[in-house]
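Structure below is structure.txt: compact mmCIF, C-alpha atoms.
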```txt
# COMPACT_ATOMS: atom_id res chain seq x y z
CA MET A 1 0.00 0.00 0.00
CA LYS A 2 1.05 3.60 -0.60
CA ILE A 3 1.30 5.79 2.47
CA ASN A 4 3.07 9.03 3.34
CA LYS A 5 4.59 10.13 6.63
CA LYS A 6 1.61 12.23 7.69
CA GLU A 7 -0.81 9.37 7.12
CA LEU A 8 1.43 6.99 9.08
CA LYS A 9 1.55 9.42 12.01
CA VAL A 10 -2.25 9.52 12.09
CA ILE A 11 -2.44 5.70 11.97
CA ILE A 12 0.03 5.35 14.85
CA HIS A 13 -1.85 7.96 16.90
CA LYS A 14 -5.23 6.26 16.38
CA TYR A 15 -3.75 2.83 17.13
CA ASN A 16 -2.18 4.06 20.38
CA SER A 17 -5.45 5.68 21.40
CA ILE A 18 -7.56 2.55 20.91
CA CYS A 19 -4.93 0.40 22.67
CA ASN A 20 -4.93 2.75 25.67
CA ARG A 21 -8.72 2.62 25.80
CA LEU A 22 -8.67 -1.19 25.78
CA LEU A 23 -5.99 -1.48 28.46
CA ARG A 24 -7.79 1.01 30.71
CA SER A 25 -11.15 -0.72 30.31
CA ASP A 26 -13.30 -1.60 33.27
CA THR A 27 -14.48 -5.22 33.47
CA ASP A 28 -17.95 -4.10 32.40
CA ASP A 29 -16.88 -2.51 29.11
CA TYR A 30 -13.83 -4.63 28.25
CA ILE A 31 -15.52 -6.85 25.66
CA ALA A 32 -17.08 -3.83 23.93
CA ASN A 33 -13.70 -2.14 23.72
CA LEU A 34 -12.05 -5.39 22.61
CA LYS A 35 -14.52 -5.55 19.71
CA LYS A 36 -13.55 -2.00 18.73
CA PHE A 37 -9.85 -2.94 18.98
CA ILE A 38 -10.28 -5.97 16.68
CA ALA A 39 -12.45 -3.94 14.26
CA HIS A 40 -9.74 -1.26 14.14
CA ILE A 41 -7.09 -3.85 13.27
CA ASP A 42 -9.31 -5.33 10.54
CA SER A 43 -10.20 -1.94 9.03
CA THR A 44 -6.69 -0.39 9.07
CA GLU A 45 -5.00 -1.73 5.94
CA ILE A 46 -1.37 -1.49 7.03
CA ILE A 47 -2.11 -3.27 10.33
CA SER A 48 -4.46 -5.82 8.80
CA ASP A 49 -1.89 -6.69 6.11
CA TYR A 50 0.76 -7.23 8.79
CA VAL A 51 -1.49 -9.54 10.81
CA LYS A 52 -2.48 -11.47 7.69
CA SER A 53 1.19 -11.84 6.70
CA CYS A 54 1.71 -13.79 9.94
CA GLY A 55 -0.63 -16.51 8.71
CA GLU A 56 -3.71 -18.22 10.11
CA SER A 57 -3.77 -19.67 13.63
CA GLU A 58 -3.78 -23.45 13.68
CA LEU A 59 -5.35 -23.56 17.14
CA ASN A 60 -8.79 -25.06 17.57
CA MET A 61 -10.39 -22.14 19.37
CA GLU A 62 -13.37 -24.01 20.78
CA SER A 63 -11.06 -26.66 22.23
CA GLU A 64 -8.56 -24.04 23.40
CA PHE A 65 -11.16 -22.07 25.34
CA GLN A 66 -12.70 -25.18 26.84
CA GLN A 67 -9.31 -26.40 28.04
CA VAL A 68 -8.34 -23.04 29.56
CA PHE A 69 -11.69 -22.40 31.25
CA GLN A 70 -11.93 -25.89 32.73
CA SER A 71 -8.35 -26.09 33.98
CA GLY A 72 -9.02 -24.21 37.21
CA GLY A 73 -6.04 -21.94 36.66
CA GLU A 74 -3.65 -24.70 35.59
CA CYS A 75 -3.73 -23.66 31.92
CA VAL A 76 -3.64 -20.32 30.06
CA PHE A 77 -4.05 -19.39 26.40
CA SER A 78 -1.28 -20.41 24.02
CA THR A 79 0.79 -17.69 22.36
CA GLY A 80 3.65 -19.33 20.47
CA GLU A 81 7.39 -19.08 20.02
CA GLU A 82 8.08 -16.91 16.96
CA GLU A 83 6.73 -13.41 16.36
CA SER A 84 4.42 -14.48 13.55
CA GLU A 85 3.03 -17.33 15.64
CA GLU A 86 2.35 -15.02 18.58
CA VAL A 87 0.60 -12.48 16.35
CA ARG A 88 -1.73 -14.96 14.67
CA ASN A 89 -2.54 -16.91 17.87
CA VAL A 90 -3.21 -13.92 20.12
CA TYR A 91 -5.23 -12.15 17.40
CA ALA A 92 -7.33 -15.26 16.73
CA THR A 93 -7.94 -15.82 20.46
CA LEU A 94 -9.00 -12.24 21.16
CA LYS A 95 -11.25 -12.22 18.10
CA TYR A 96 -12.91 -15.47 19.18
CA LEU A 97 -13.30 -14.11 22.71
CA CYS A 98 -15.14 -10.96 21.66
CA GLU A 99 -17.20 -12.62 18.91
CA ASN A 100 -18.59 -15.25 21.27
CA ASN A 101 -19.07 -13.23 24.46
CA ASP A 102 -20.84 -10.03 25.47
CA GLU A 103 -19.00 -9.93 28.80
CA ILE A 104 -15.83 -11.43 30.22
CA PRO A 105 -16.35 -15.17 30.87
CA TYR A 106 -15.71 -16.21 34.46
CA GLY A 107 -13.39 -18.91 33.12
CA LEU A 108 -10.92 -16.22 32.10
CA TYR A 109 -10.81 -14.82 35.63
CA PHE A 110 -10.10 -18.24 37.08
CA ALA A 111 -7.38 -18.96 34.50
CA TYR A 112 -5.45 -15.74 35.17
CA ARG A 113 -6.10 -15.13 38.85
CA ASN A 114 -3.20 -14.93 41.27
CA GLY A 115 -4.45 -15.44 44.79
CA ASN A 116 -7.47 -13.45 45.94
CA GLU A 117 -7.24 -10.70 43.34
CA LYS A 118 -10.21 -8.58 42.36
CA TYR A 119 -11.64 -9.08 38.87
CA GLN A 120 -10.16 -5.78 37.67
CA ASP A 121 -6.69 -6.87 38.79
CA ILE A 122 -7.10 -10.23 37.08
CA LEU A 123 -8.09 -8.45 33.86
CA LYS A 124 -4.96 -6.31 34.15
CA ASP A 125 -2.84 -9.48 34.49
CA PHE A 126 -4.54 -11.00 31.45
CA ASN A 127 -3.78 -7.91 29.39
CA SER A 128 -0.20 -7.81 30.59
CA ARG A 129 0.49 -11.48 29.89
CA PHE A 130 -1.56 -11.96 26.73
CA THR A 131 -3.15 -8.93 25.04
CA MET A 132 0.06 -6.89 25.21
CA VAL A 133 1.85 -9.53 23.11
CA LEU A 134 -0.22 -8.56 20.06
CA ILE A 135 -0.29 -4.84 20.88
CA THR A 136 3.51 -4.70 21.17
CA HIS A 137 4.21 -6.63 17.96
CA ILE A 138 1.94 -4.29 15.96
CA GLU A 139 3.45 -1.26 17.66
CA ASN A 140 6.98 -2.46 16.82
CA TYR A 141 6.00 -3.06 13.19
CA LEU A 142 4.53 0.45 12.79
CA THR A 143 7.63 1.93 14.44
CA GLU A 144 9.90 0.04 12.04
CA VAL A 145 7.89 1.28 9.05
CA GLY A 146 8.19 4.82 10.42
CA ILE A 147 11.96 4.53 10.84
CA ARG A 148 12.35 3.25 7.28
CA MET A 149 10.31 6.22 6.04
CA GLY A 150 12.44 8.66 8.04
CA LEU A 151 9.62 9.50 10.43
CA ASP A 152 12.08 9.97 13.29
CA GLU A 153 14.37 12.37 11.44
CA ASN A 154 14.64 15.87 12.87
CA VAL A 155 14.95 18.04 9.78
CA VAL A 156 16.07 21.63 10.41
CA TRP A 157 15.76 24.27 7.73
CA ASN A 158 18.27 27.15 8.04
CA ILE A 159 17.27 30.13 5.93
CA ASN A 160 19.56 33.13 5.56
CA GLY A 161 18.60 35.55 2.86
CA ASN A 162 18.99 33.79 -0.50
CA GLN A 163 20.65 30.72 1.05
CA VAL A 164 18.73 27.70 2.32
CA ASN A 165 20.51 24.85 4.12
CA ILE A 166 19.01 21.63 5.45
CA SER A 167 20.41 19.61 8.34
CA ASN A 168 19.16 16.29 9.68
CA ASP A 169 19.07 15.36 13.37
CA ASN A 170 22.05 16.93 15.24
CA SER A 171 24.31 17.62 12.27
CA THR A 172 26.06 20.98 11.96
CA ILE A 173 26.16 23.12 8.82
CA ASN A 174 29.18 25.20 7.89
CA ALA A 175 28.07 26.91 4.70
CA THR A 176 29.48 29.74 2.65
CA GLN A 177 27.21 31.72 0.38
CA ILE A 178 28.60 32.39 -3.09
CA ASN A 179 26.80 34.98 -5.15
CA ASN A 180 26.98 33.95 -8.81
CA GLY A 181 24.79 36.83 -9.90
CA ILE A 182 22.03 34.66 -11.43
CA ASN A 183 19.08 36.73 -12.62
CA ALA A 184 15.38 36.00 -12.36
CA ASP A 185 14.98 34.77 -15.95
CA GLU A 186 17.85 32.28 -15.58
CA LEU A 187 16.40 31.05 -12.29
CA LYS A 188 12.96 30.52 -13.85
CA SER A 189 14.55 28.57 -16.68
CA LEU A 190 16.47 26.33 -14.27
CA LEU A 191 13.39 25.68 -12.15
CA SER A 192 11.33 24.82 -15.21
CA ALA A 193 13.97 22.34 -16.40
CA MET A 194 14.14 20.78 -12.94
CA ARG A 195 10.35 20.33 -12.78
CA GLU A 196 10.29 18.65 -16.17
CA SER A 197 13.03 16.23 -15.11
CA LEU A 198 11.14 15.03 -12.04
CA ASP A 199 10.05 11.42 -12.18
CA SER A 200 6.27 11.42 -12.57
CA ASN A 201 6.11 8.14 -10.63
CA LEU A 202 7.48 9.74 -7.48
CA PRO A 203 5.06 10.07 -4.55
CA GLU A 204 3.60 13.56 -4.29
CA GLU A 205 5.45 14.29 -1.01
CA ASP A 206 8.82 13.39 -2.56
CA ARG A 207 8.10 15.52 -5.64
```

Encoded form using structure tokens:
Amino acid sequence: MKINKKELKVIIHKYNSICNRLLRSDTDDYIANLKKFIAHIDSTEIISDYVKSCGESELNMESEFQQVFQSGGECVFSTGEEESEEVRNVYATLKYLCENNDEIPYGLYFAYRNGNEKYQDILKDFNSRFTMVLITHIENYLTEVGIRMGLDENVVWNINGNQVNISNDNSTINATQINNGINADELKSLLSAMRESLDSNLPEEDR
């Protein structure tokens, strides 16, 4: 997909916002917010493509949930070993959870409880141990895309009269202005030639 830096910044901002909302959810609205989180992943092309690239989960979700909920805390949801396996398994589990429940099943509380914790604390543990696996992998992927696009570069424009210098990050410019006495007509001619030589296939931002 084609995307520019500004669009990527918006995507990252929206993703962070919906993740924060999910992680701060009360037990009463967690499933509703989980549905919005999954819908956001499915409807955001760059994120959806990444998740799909990790493949389909091979877990039998009905059997997986039955095993976890009936284990009395002896068993938790499977994640996997490699990044792609973790992404597809956690995504599939969370999607199954919200598609088949309107509220948090009690079996989840029993699977992730640690002592006599309150339900809200158990939900926090579940998010920390399971949901965050998917959130972090997607976050890392978007960050990597941003780095490759130069999203983290600190570009400084130094303008001094007729001279314009550009420095990236913490670099220092030592520039000397040389006046070649070019007139307006020559400058227009040079600019026109430069425009014509631009590759029409370049993204608009690069042009």

Inset, instruction - Measuring atom to atom with only C-alpha atoms, identify which of A:Asn116, A:Ser197, A:Ser43, A:Ser128 is nearest to Tyr15 of chain A. - result: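 The shortest atom-to-atom distance to Tyr15 of chain A comes from A:Ser43.
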
Legend entry - atom CA of Phe37 of chain A to atom CA of Val87 of chain A, straight-line distance in Å: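 Computed distance, atom CA of Val87 of chain A to atom CA of Phe37 of chain A, equals 14.4 Å.
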
Inset, instruction - Could you check how far atom CA of Phe69 of chain A sits from atom CA of Asp121 of chain A, in Å to one decimal? - result: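 Atom CA of Asp121 of chain A lies 18.0 Å from atom CA of Phe69 of chain A.
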
Legend entry - Surrounding residues of Gln70 of chain A excluding itself and chain neighbours under 5 positions, 10 Å, all atoms listed in the file, as a PyMOL selection string: chain A and resi 65+75+107-108+110-111

Legend entry - Best match for closeness to Lys36 of chain A among A:Ser71, A:Gln66, A:Gln120, A:Ser17, counting only C-alpha atoms: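 Between A:Ser71, A:Gln66, A:Gln120, A:Ser17, the residue approaching Lys36 of chain A most closely is A:Ser17.
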
Inset, instruction - Give me the residues within 9 Å of Met149 of chain A as a list of chain:residue names, counting only C-alpha atoms and dropping any in the same chain fewer than 4 places off. - result: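 Non-adjacent residues within range: A:Asn4, A:Lys5, A:Glu144, A:Val145.
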
List the neighbours of Tyr50 of chain A out to 10 Å using all atoms listed in the file; skip same-chain residues closer than 4 positions along the sequence, and give me the result as a short mmCIF file (atom, residue, chain, number, x, y, z; two decimals) with C-alpha atoms, in the coordinates of the input.
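Produced file out_33.cif, reproduced below:
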```cif
data_model
loop_
_atom_site.label_atom_id
_atom_site.label_comp_id
_atom_site.auth_asym_id
_atom_site.auth_seq_id
_atom_site.Cartn_x
_atom_site.Cartn_y
_atom_site.Cartn_z
CA ILE A 41 -7.09 -3.85 13.27
CA GLU A 45 -5.00 -1.73 5.94
CA ILE A 46 -1.37 -1.49 7.03
CA CYS A 54 1.71 -13.79 9.94
CA GLY A 55 -0.63 -16.51 8.71
CA SER A 84 4.42 -14.48 13.55
CA VAL A 87 0.60 -12.48 16.35
CA HIS A 137 4.21 -6.63 17.96
CA ILE A 138 1.94 -4.29 15.96
CA TYR A 141 6.00 -3.06 13.19
CA LEU A 142 4.53 0.45 12.79
#
```

Taking all atoms of segment 68-81 of chain A that the file lists, what box with edges along x, y and z, padded by 6 Å per side, do you get, with centre and edge lengths in Å to one decimal, as lines of an AutoDock Vina configuration file?
```
center_x = -2.3
center_y = -21.9
center_z = 28.6
size_x = 31.3
size_y = 20.4
size_z = 29.2
```

Legend entry - Exercise: Ala92 of chain A partners within 10 Å, all atoms listed in the file, chain neighbours under 5 positions left out, as a ChimeraX atom specification: /A:38,56-61,86-87,97

Inset, instruction - Could you tell me how far atom CA of Arg195 of chain A lies from atom CA of Gly146 of chain A, in Å and to one decimal? - result: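 Computing the Euclidean distance for atom CA of Arg195 of chain A and atom CA of Gly146 of chain A yields 28.0 Å.
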
Legend entry - Among the residues A:Glu196, A:Glu99, A:Glu117, A:Glu64, the one that comes closest to Ala32 of chain A [using only C-alpha atoms]: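 Closest to Ala32 of chain A of all the choices is A:Glu99.
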
Fill-in result for segment 86-97 of chain A, all heavy atoms as a JSON list (two decimals), in the frame of the given file:
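File out_25.json, as written:
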```json
[["chain", "number", "residue", "atom", "x", "y", "z"],
["A", 86, "GLU", "N", 2.99, -15.77, 17.49],
["A", 86, "GLU", "CA", 2.35, -15.02, 18.58],
["A", 86, "GLU", "C", 1.27, -14.10, 18.03],
["A", 86, "GLU", "O", 0.18, -14.00, 18.59],
["A", 86, "GLU", "CB", 3.40, -14.22, 19.34],
["A", 86, "GLU", "CG", 4.32, -15.06, 20.19],
["A", 86, "GLU", "CD", 5.23, -14.23, 21.07],
["A", 86, "GLU", "OE1", 5.59, -13.09, 20.67],
["A", 86, "GLU", "OE2", 5.60, -14.69, 22.16],
["A", 87, "VAL", "N", 1.57, -13.41, 16.94],
["A", 87, "VAL", "CA", 0.60, -12.48, 16.35],
["A", 87, "VAL", "C", -0.67, -13.20, 15.94],
["A", 87, "VAL", "O", -1.78, -12.80, 16.31],
["A", 87, "VAL", "CB", 1.21, -11.74, 15.14],
["A", 87, "VAL", "CG1", 0.13, -10.96, 14.38],
["A", 87, "VAL", "CG2", 2.32, -10.79, 15.59],
["A", 88, "ARG", "N", -0.54, -14.28, 15.17],
["A", 88, "ARG", "CA", -1.73, -14.96, 14.67],
["A", 88, "ARG", "C", -2.52, -15.66, 15.78],
["A", 88, "ARG", "O", -3.75, -15.68, 15.74],
["A", 88, "ARG", "CB", -1.37, -15.95, 13.57],
["A", 88, "ARG", "CG", -0.43, -17.08, 13.94],
["A", 88, "ARG", "CD", -0.22, -18.01, 12.75],
["A", 88, "ARG", "NE", 0.71, -19.09, 13.02],
["A", 88, "ARG", "CZ", 1.97, -19.12, 12.60],
["A", 88, "ARG", "NH1", 2.46, -18.09, 11.91],
["A", 88, "ARG", "NH2", 2.75, -20.15, 12.86],
["A", 89, "ASN", "N", -1.83, -16.21, 16.80],
["A", 89, "ASN", "CA", -2.54, -16.91, 17.87],
["A", 89, "ASN", "C", -3.27, -15.95, 18.81],
["A", 89, "ASN", "O", -4.42, -16.19, 19.19],
["A", 89, "ASN", "CB", -1.57, -17.78, 18.67],
["A", 89, "ASN", "CG", -1.16, -19.03, 17.92],
["A", 89, "ASN", "OD1", -1.80, -19.44, 16.96],
["A", 89, "ASN", "ND2", -0.08, -19.66, 18.36],
["A", 90, "VAL", "N", -2.59, -14.88, 19.20],
["A", 90, "VAL", "CA", -3.21, -13.92, 20.12],
["A", 90, "VAL", "C", -4.37, -13.21, 19.42],
["A", 90, "VAL", "O", -5.45, -13.03, 20.00],
["A", 90, "VAL", "CB", -2.18, -12.91, 20.65],
["A", 90, "VAL", "CG1", -2.88, -11.87, 21.53],
["A", 90, "VAL", "CG2", -1.10, -13.62, 21.44],
["A", 91, "TYR", "N", -4.16, -12.81, 18.16],
["A", 91, "TYR", "CA", -5.23, -12.15, 17.40],
["A", 91, "TYR", "C", -6.44, -13.06, 17.29],
["A", 91, "TYR", "O", -7.58, -12.64, 17.54],
["A", 91, "TYR", "CB", -4.72, -11.76, 16.01],
["A", 91, "TYR", "CG", -5.81, -11.35, 15.06],
["A", 91, "TYR", "CD1", -6.36, -10.07, 15.12],
["A", 91, "TYR", "CD2", -6.29, -12.23, 14.10],
["A", 91, "TYR", "CE1", -7.37, -9.69, 14.24],
["A", 91, "TYR", "CE2", -7.30, -11.86, 13.22],
["A", 91, "TYR", "CZ", -7.83, -10.59, 13.30],
["A", 91, "TYR", "OH", -8.83, -10.22, 12.44],
["A", 92, "ALA", "N", -6.23, -14.31, 16.91],
["A", 92, "ALA", "CA", -7.33, -15.26, 16.73],
["A", 92, "ALA", "C", -8.07, -15.50, 18.05],
["A", 92, "ALA", "O", -9.30, -15.60, 18.08],
["A", 92, "ALA", "CB", -6.81, -16.58, 16.17],
["A", 93, "THR", "N", -7.32, -15.58, 19.15],
["A", 93, "THR", "CA", -7.94, -15.82, 20.46],
["A", 93, "THR", "C", -8.79, -14.64, 20.90],
["A", 93, "THR", "O", -9.93, -14.81, 21.36],
["A", 93, "THR", "CB", -6.85, -16.11, 21.52],
["A", 93, "THR", "OG1", -6.06, -17.23, 21.11],
["A", 93, "THR", "CG2", -7.48, -16.41, 22.87],
["A", 94, "LEU", "N", -8.25, -13.43, 20.76],
["A", 94, "LEU", "CA", -9.00, -12.24, 21.16],
["A", 94, "LEU", "C", -10.23, -12.05, 20.28],
["A", 94, "LEU", "O", -11.29, -11.64, 20.77],
["A", 94, "LEU", "CB", -8.09, -11.00, 21.08],
["A", 94, "LEU", "CG", -6.94, -10.94, 22.09],
["A", 94, "LEU", "CD1", -6.07, -9.72, 21.83],
["A", 94, "LEU", "CD2", -7.47, -10.92, 23.52],
["A", 95, "LYS", "N", -10.10, -12.35, 19.00],
["A", 95, "LYS", "CA", -11.25, -12.22, 18.10],
["A", 95, "LYS", "C", -12.33, -13.22, 18.47],
["A", 95, "LYS", "O", -13.52, -12.88, 18.50],
["A", 95, "LYS", "CB", -10.80, -12.41, 16.65],
["A", 95, "LYS", "CG", -11.88, -12.09, 15.64],
["A", 95, "LYS", "CD", -11.32, -11.95, 14.23],
["A", 95, "LYS", "CE", -12.38, -11.45, 13.27],
["A", 95, "LYS", "NZ", -11.83, -11.17, 11.94],
["A", 96, "TYR", "N", -11.94, -14.44, 18.77],
["A", 96, "TYR", "CA", -12.91, -15.47, 19.18],
["A", 96, "TYR", "C", -13.57, -15.07, 20.49],
["A", 96, "TYR", "O", -14.78, -15.25, 20.67],
["A", 96, "TYR", "CB", -12.20, -16.81, 19.32],
["A", 96, "TYR", "CG", -13.13, -17.97, 19.60],
["A", 96, "TYR", "CD1", -13.67, -18.73, 18.56],
["A", 96, "TYR", "CD2", -13.45, -18.33, 20.92],
["A", 96, "TYR", "CE1", -14.52, -19.80, 18.82],
["A", 96, "TYR", "CE2", -14.31, -19.39, 21.19],
["A", 96, "TYR", "CZ", -14.83, -20.12, 20.14],
["A", 96, "TYR", "OH", -15.67, -21.18, 20.40],
["A", 97, "LEU", "N", -12.78, -14.51, 21.41],
["A", 97, "LEU", "CA", -13.30, -14.11, 22.71],
["A", 97, "LEU", "C", -14.40, -13.06, 22.58],
["A", 97, "LEU", "O", -15.47, -13.19, 23.19],
["A", 97, "LEU", "CB", -12.16, -13.55, 23.57],
["A", 97, "LEU", "CG", -12.53, -12.94, 24.93],
["A", 97, "LEU", "CD1", -13.15, -13.99, 25.85],
["A", 97, "LEU", "CD2", -11.30, -12.32, 25.59]]
```
